[in-house]
Amino acid sequence: MLRYVTTNPGKVREAERYLPDGSVERLDFDYTEIQADELGPIAARGAREAYRHAGEPVLVDDAGLFVEGLDGFPGPYSAYVEGTLGVERVHEIAGDLDDRRAAFRCTLGYCDGDSFAASPDPVDRGDRDAAAAAGPDGEDGTEGLDDPLPVKLFEGYVPGRIVPPRGDGGFGYDPIFEHDGETFAEMDTDRKNAVSHRGRALAKFAEWYADR
Ligand code: ITT
Ligand code: NA
């Protein structure tokens with residue numbers, strides 16, 4: 001059984017559409033999120049920790065909102081900033097900027113304890129695992145640079161811009177993120193999945209997983 005590891009039910013709702021019925025179950029486990037300026041090392045460390053915890057194949061999902069005019073902030077700190085400032089205040093801060101472009105990014109990390117051949121497809125960025133494995137060494141108290149557990153990463157990205165909140169679907173920053181004239185909170189799950197960072201990463205994962 002594959003475990004989709006997240007404390008966020010909104011992510012699960014979206015992921016379900018990509019993962020074969022009955023082959024995946026949510027695991028509500030809060031893995032350690034190391035401090036890093038990219039999502040890859042966070043997802044790689046998280047996948048290893050979750051695999052060791054679960055003893056079963058795991059998929060972790062690390063995501064964030066990157067605002068251009070704030071040099072990518074809140075990025076990997078998006079969950080912390082949502083919990084402290086809140087989505088409305090992120091919109092207010094971005095509202096003072098000339099450049100309101102932003103992007104959502106999602107990195108999925110898969111670990112099943114086995115090694116697997118690197119995908120020939122460079123688009124899924126699985127080739128970056130070695131770099132991802134090399135996150136900050138040791139200081140977080142978990143395994144260091146030489147952790148042998150292989151992790152495969154899948155990345156998704158969607159451009160948009162920060163707008164005043166609209167819509168009541170989705171979760172998190174969705175009401176203030178507009179893509180193609182609609183906020184993500186105005187889209188239903190299928191429509192958001194068709195264009196979103198998570199949908200793109202999940203599509204890559206599902207394709208690789210089906211014929212691995
Ligand atoms: P897990 O780590 O347990 O999966 P989380 O909600 O803490 O759940 P992240 O660490 O990946 O997730 O933090 C991502 C932050 O970005 C968090 O504030 C989310 O609400 C937000 N976020 C992630 N994906 C999003 C999406 O598709 N739409 C809107 N906000 C999103
Ligand atoms: Na989290």
# chains A, B, ... in the order shown; residues from 1 in each chain; ligands from 1

$ residues_around --residues "A:Leu108" --least-positions-apart "5" --cutoff "7 Å" --atoms "only C-alpha atoms" --output "mmCIF file with N, CA and C atoms, in the first residue's frame"
data_model
loop_
_atom_site.group_PDB
_atom_site.id
_atom_site.type_symbol
_atom_site.label_atom_id
_atom_site.label_comp_id
_atom_site.auth_asym_id
_atom_site.auth_seq_id
_atom_site.Cartn_x
_atom_site.Cartn_y
_atom_site.Cartn_z
ATOM 1 N N ALA A 43 11.513 17.751 0.778
ATOM 2 C CA ALA A 43 10.734 16.567 0.389
ATOM 3 C C ALA A 43 11.575 15.294 0.494
ATOM 4 N N LEU A 59 4.712 8.710 -0.260
ATOM 5 C CA LEU A 59 4.810 9.878 -1.127
ATOM 6 C C LEU A 59 4.551 11.097 -0.248
ATOM 7 N N VAL A 60 5.529 12.002 -0.142
ATOM 8 C CA VAL A 60 5.311 13.242 0.601
ATOM 9 C C VAL A 60 5.166 14.390 -0.397
ATOM 10 N N ASP A 61 4.509 15.447 0.032
ATOM 11 C CA ASP A 61 4.126 16.560 -0.843
ATOM 12 C C ASP A 61 4.526 17.854 -0.147
ATOM 13 N N ASP A 62 5.590 18.489 -0.653
ATOM 14 C CA ASP A 62 5.990 19.766 -0.065
ATOM 15 C C ASP A 62 5.715 20.867 -1.087
ATOM 16 N N LEU A 153 12.178 12.401 -6.880
ATOM 17 C CA LEU A 153 11.443 13.664 -6.776
ATOM 18 C C LEU A 153 10.697 13.997 -8.064
ATOM 19 N N PHE A 154 9.526 14.589 -7.913
ATOM 20 C CA PHE A 154 8.709 15.032 -9.047
ATOM 21 C C PHE A 154 8.257 16.460 -8.752
ATOM 22 N N GLU A 155 8.505 17.365 -9.692
ATOM 23 C CA GLU A 155 8.209 18.774 -9.445
ATOM 24 C C GLU A 155 7.114 19.302 -10.355
ATOM 25 N N ALA A 201 2.831 17.773 -10.867
ATOM 26 C CA ALA A 201 3.758 16.847 -10.187
ATOM 27 C C ALA A 201 3.123 15.461 -10.064
#

$ residues_near_ligand --ligand "ligand 2" --cutoff "10 Å" --atoms "only C-alpha atoms and all ligand atoms" --output "list of chain:residue names"
A:Thr6, A:Thr7, A:Asn8, A:Phe29, A:Asp30, A:Tyr31, A:Thr32, A:Glu33, A:Ile42, A:Gly46, A:Val60, A:Asp61, A:Asp62, A:Ala63, A:Gly64, A:Pro76, A:Tyr77, A:Ser78, A:Ala79, A:Tyr80

$ write_last_selection --atoms "N, CA and C atoms" --output "compact mmCIF listing (two decimals), in the first residue's frame"
# COMPACT_ATOMS: atom_id res chain seq x y z
N THR A 6 0.58 13.37 4.56
CA THR A 6 0.33 14.80 4.75
C THR A 6 -0.63 15.02 5.91
N THR A 7 -0.49 16.18 6.53
CA THR A 7 -1.45 16.58 7.56
C THR A 7 -2.57 17.42 6.95
N ASN A 8 -2.50 17.64 5.63
CA ASN A 8 -3.40 18.60 4.95
C ASN A 8 -4.45 17.88 4.09
N PHE A 29 0.96 12.12 9.09
CA PHE A 29 2.22 12.10 9.83
C PHE A 29 2.94 13.42 9.55
N ASP A 30 3.36 14.10 10.61
CA ASP A 30 4.00 15.41 10.48
C ASP A 30 5.52 15.21 10.50
N TYR A 31 6.10 14.93 9.33
CA TYR A 31 7.55 14.72 9.26
C TYR A 31 8.28 16.04 9.50
N THR A 32 9.55 15.95 9.86
CA THR A 32 10.37 17.13 10.13
C THR A 32 10.61 17.90 8.85
N GLU A 33 10.31 19.20 8.84
CA GLU A 33 10.64 20.00 7.67
C GLU A 33 11.90 20.79 7.96
N ILE A 42 13.72 19.37 1.30
CA ILE A 42 12.71 19.18 2.34
C ILE A 42 11.91 17.90 2.05
N GLY A 46 12.00 14.46 4.12
CA GLY A 46 10.69 14.06 4.62
C GLY A 46 10.30 12.67 4.17
N VAL A 60 5.53 12.00 -0.14
CA VAL A 60 5.31 13.24 0.60
C VAL A 60 5.17 14.39 -0.40
N ASP A 61 4.51 15.45 0.03
CA ASP A 61 4.13 16.56 -0.84
C ASP A 61 4.53 17.85 -0.15
N ASP A 62 5.59 18.49 -0.65
CA ASP A 62 5.99 19.77 -0.06
C ASP A 62 5.72 20.87 -1.09
N ALA A 63 4.98 21.89 -0.65
CA ALA A 63 4.53 22.91 -1.60
C ALA A 63 4.75 24.30 -1.02
N GLY A 64 4.66 25.32 -1.88
CA GLY A 64 4.77 26.68 -1.40
C GLY A 64 4.41 27.70 -2.45
N PRO A 76 9.42 28.10 0.79
CA PRO A 76 9.43 26.94 1.67
C PRO A 76 8.85 27.25 3.06
N TYR A 77 8.66 28.54 3.35
CA TYR A 77 8.12 28.92 4.66
C TYR A 77 6.61 29.19 4.59
N SER A 78 5.97 28.76 3.51
CA SER A 78 4.56 29.12 3.28
C SER A 78 3.63 28.64 4.38
N ALA A 79 3.85 27.45 4.90
CA ALA A 79 2.95 26.94 5.94
C ALA A 79 3.10 27.78 7.21
N TYR A 80 4.35 28.09 7.56
CA TYR A 80 4.61 28.90 8.75
C TYR A 80 3.98 30.29 8.59

$ closest_residue --among "A:Gly75, A:Gly40, A:Gly55, A:Pro165" --to "ligand 1" --atoms "only C-alpha atoms and all ligand atoms"
A:Gly75

$ residues_around --residues "A:Leu65" --least-positions-apart "6" --cutoff "8 Å" --atoms "only C-alpha atoms" --output "PyMOL selection string"
chain A and resi 72-76+78+102-105+173

$ select_by_dssp --residues "chain A" --states "alpha helix (DSSP H)" --output "VMD selection string"
chain A and resid 9 to 15 39 to 54 78 to 84 87 to 95 129 to 133 189 to 195 197 to 210

$ closest_residue --among "A:Ala50, A:Met187, A:Cys111, A:Ile162" --to "A:Gly69" --atoms "only C-alpha atoms"
A:Ile162

$ select_by_dssp --residues "stretch 27-178 of chain A" --states "strand (DSSP E)" --output "ChimeraX atom specification"
/A:27,58-67,101-111,152-162,177-178

$ write_last_selection --atoms "N, CA and C atoms" --output "CSV table (one decimal), in the first residue's frame"
chain,number,residue,atom,x,y,z
A,27,LEU,N,-1.6,9.0,5.1
A,27,LEU,CA,-1.0,8.8,6.4
A,27,LEU,C,-0.8,10.2,7.0
A,58,VAL,N,6.1,5.5,0.6
A,58,VAL,CA,5.5,6.8,0.9
A,58,VAL,C,5.7,7.8,-0.2
A,59,LEU,N,4.7,8.7,-0.3
A,59,LEU,CA,4.8,9.9,-1.1
A,59,LEU,C,4.6,11.1,-0.2
A,60,VAL,N,5.5,12.0,-0.1
A,60,VAL,CA,5.3,13.2,0.6
A,60,VAL,C,5.2,14.4,-0.4
A,61,ASP,N,4.5,15.4,0.0
A,61,ASP,CA,4.1,16.6,-0.8
A,61,ASP,C,4.5,17.9,-0.1
A,62,ASP,N,5.6,18.5,-0.7
A,62,ASP,CA,6.0,19.8,-0.1
A,62,ASP,C,5.7,20.9,-1.1
A,63,ALA,N,5.0,21.9,-0.7
A,63,ALA,CA,4.5,22.9,-1.6
A,63,ALA,C,4.7,24.3,-1.0
A,64,GLY,N,4.7,25.3,-1.9
A,64,GLY,CA,4.8,26.7,-1.4
A,64,GLY,C,4.4,27.7,-2.5
A,65,LEU,N,4.1,28.9,-2.0
A,65,LEU,CA,3.8,30.1,-2.8
A,65,LEU,C,5.0,31.0,-2.9
A,66,PHE,N,5.5,31.2,-4.1
A,66,PHE,CA,6.7,32.0,-4.3
A,66,PHE,C,6.4,33.3,-5.0
A,67,VAL,N,6.5,34.5,-4.2
A,67,VAL,CA,6.1,35.8,-4.8
A,67,VAL,C,7.3,36.4,-5.4
A,101,ARG,N,3.5,39.2,-9.6
A,101,ARG,CA,3.6,37.8,-10.2
A,101,ARG,C,4.0,36.8,-9.1
A,102,ALA,N,3.5,35.6,-9.2
A,102,ALA,CA,3.8,34.6,-8.2
A,102,ALA,C,3.8,33.2,-8.8
A,103,ALA,N,4.2,32.2,-8.1
A,103,ALA,CA,4.1,30.9,-8.6
A,103,ALA,C,3.9,29.9,-7.4
A,104,PHE,N,3.1,28.9,-7.7
A,104,PHE,CA,3.0,27.8,-6.7
A,104,PHE,C,4.0,26.7,-7.2
A,105,ARG,N,4.7,26.1,-6.3
A,105,ARG,CA,5.5,25.0,-6.6
A,105,ARG,C,5.2,23.8,-5.7
A,106,CYS,N,5.3,22.6,-6.2
A,106,CYS,CA,5.1,21.4,-5.5
A,106,CYS,C,6.2,20.4,-5.8
A,107,THR,N,6.8,19.8,-4.8
A,107,THR,CA,7.7,18.7,-5.0
A,107,THR,C,7.2,17.5,-4.2
A,108,LEU,N,7.0,16.4,-5.0
A,108,LEU,CA,6.7,15.1,-4.4
A,108,LEU,C,7.9,14.3,-4.2
A,109,GLY,N,8.0,13.7,-3.1
A,109,GLY,CA,9.2,12.8,-2.8
A,109,GLY,C,8.7,11.4,-2.5
A,110,TYR,N,9.2,10.4,-3.3
A,110,TYR,CA,8.7,9.0,-3.2
A,110,TYR,C,9.9,8.2,-2.7
A,111,CYS,N,9.6,7.4,-1.7
A,111,CYS,CA,10.6,6.5,-1.1
A,111,CYS,C,9.9,5.1,-0.8
A,152,LYS,N,12.9,9.6,-5.0
A,152,LYS,CA,12.7,10.1,-6.3
A,152,LYS,C,11.8,11.3,-6.2
A,153,LEU,N,12.2,12.4,-6.9
A,153,LEU,CA,11.4,13.7,-6.8
A,153,LEU,C,10.7,14.0,-8.1
A,154,PHE,N,9.5,14.6,-7.9
A,154,PHE,CA,8.7,15.0,-9.0
A,154,PHE,C,8.3,16.5,-8.8
A,155,GLU,N,8.5,17.4,-9.7
A,155,GLU,CA,8.2,18.8,-9.4
A,155,GLU,C,7.1,19.3,-10.4
A,156,GLY,N,6.3,20.2,-9.8
A,156,GLY,CA,5.3,20.9,-10.6
A,156,GLY,C,5.3,22.4,-10.3
A,157,TYR,N,4.9,23.2,-11.3
A,157,TYR,CA,5.0,24.6,-11.2
A,157,TYR,C,3.8,25.2,-11.9
A,158,VAL,N,3.2,26.3,-11.3
A,158,VAL,CA,2.2,27.1,-12.1
A,158,VAL,C,2.4,28.6,-11.8
A,159,PRO,N,2.5,29.4,-12.9
A,159,PRO,CA,2.6,30.8,-12.7
A,159,PRO,C,1.2,31.5,-12.5
A,160,GLY,N,1.2,32.6,-11.8
A,160,GLY,CA,0.0,33.3,-11.6
A,160,GLY,C,0.3,34.7,-11.0
A,161,ARG,N,-0.7,35.3,-10.4
A,161,ARG,CA,-0.4,36.6,-9.7
A,161,ARG,C,-1.3,36.7,-8.4
A,162,ILE,N,-0.8,37.5,-7.5
A,162,ILE,CA,-1.5,37.7,-6.2
A,162,ILE,C,-2.6,38.8,-6.4
A,177,PHE,N,-4.6,33.6,-5.3
A,177,PHE,CA,-3.7,33.2,-6.4
A,177,PHE,C,-4.6,33.1,-7.7
A,178,GLU,N,-4.3,34.0,-8.6
A,178,GLU,CA,-5.1,34.0,-9.9
A,178,GLU,C,-4.3,33.4,-11.0

$ atom_distance --atom1 "atom CA of A:Glu56" --atom2 "atom 15 (C, counted along the ligand's line) of ligand 1"
24.9 Å

$ closest_residue --among "A:Arg100, A:Arg17, A:Arg212, A:Arg26" --to "ligand 1" --atoms "only C-alpha atoms and all ligand atoms"
A:Arg26

$ closest_residue --among "A:Pro57, A:Lys204, A:Asp21, A:Leu39" --to "A:Tyr4" --atoms "only C-alpha atoms"
A:Pro57

$ closest_residue --among "A:Arg3, A:Arg166, A:Arg89, A:Lys11" --to "ligand 1" --atoms "only C-alpha atoms and all ligand atoms"
A:Lys11

$ closest_residue --among "A:Phe116, A:Tyr51, A:Tyr18, A:Phe171" --to "ligand 1" --atoms "only C-alpha atoms and all ligand atoms"
A:Phe171

$ atom_distance --atom1 "atom CA of A:Arg45" --atom2 "atom CA of A:His197"
20.3 Å

$ atom_distance --atom1 "atom 17 (C, counted along the ligand's line) of ligand 1" --atom2 "atom CA of A:Val195"
18.2 Å
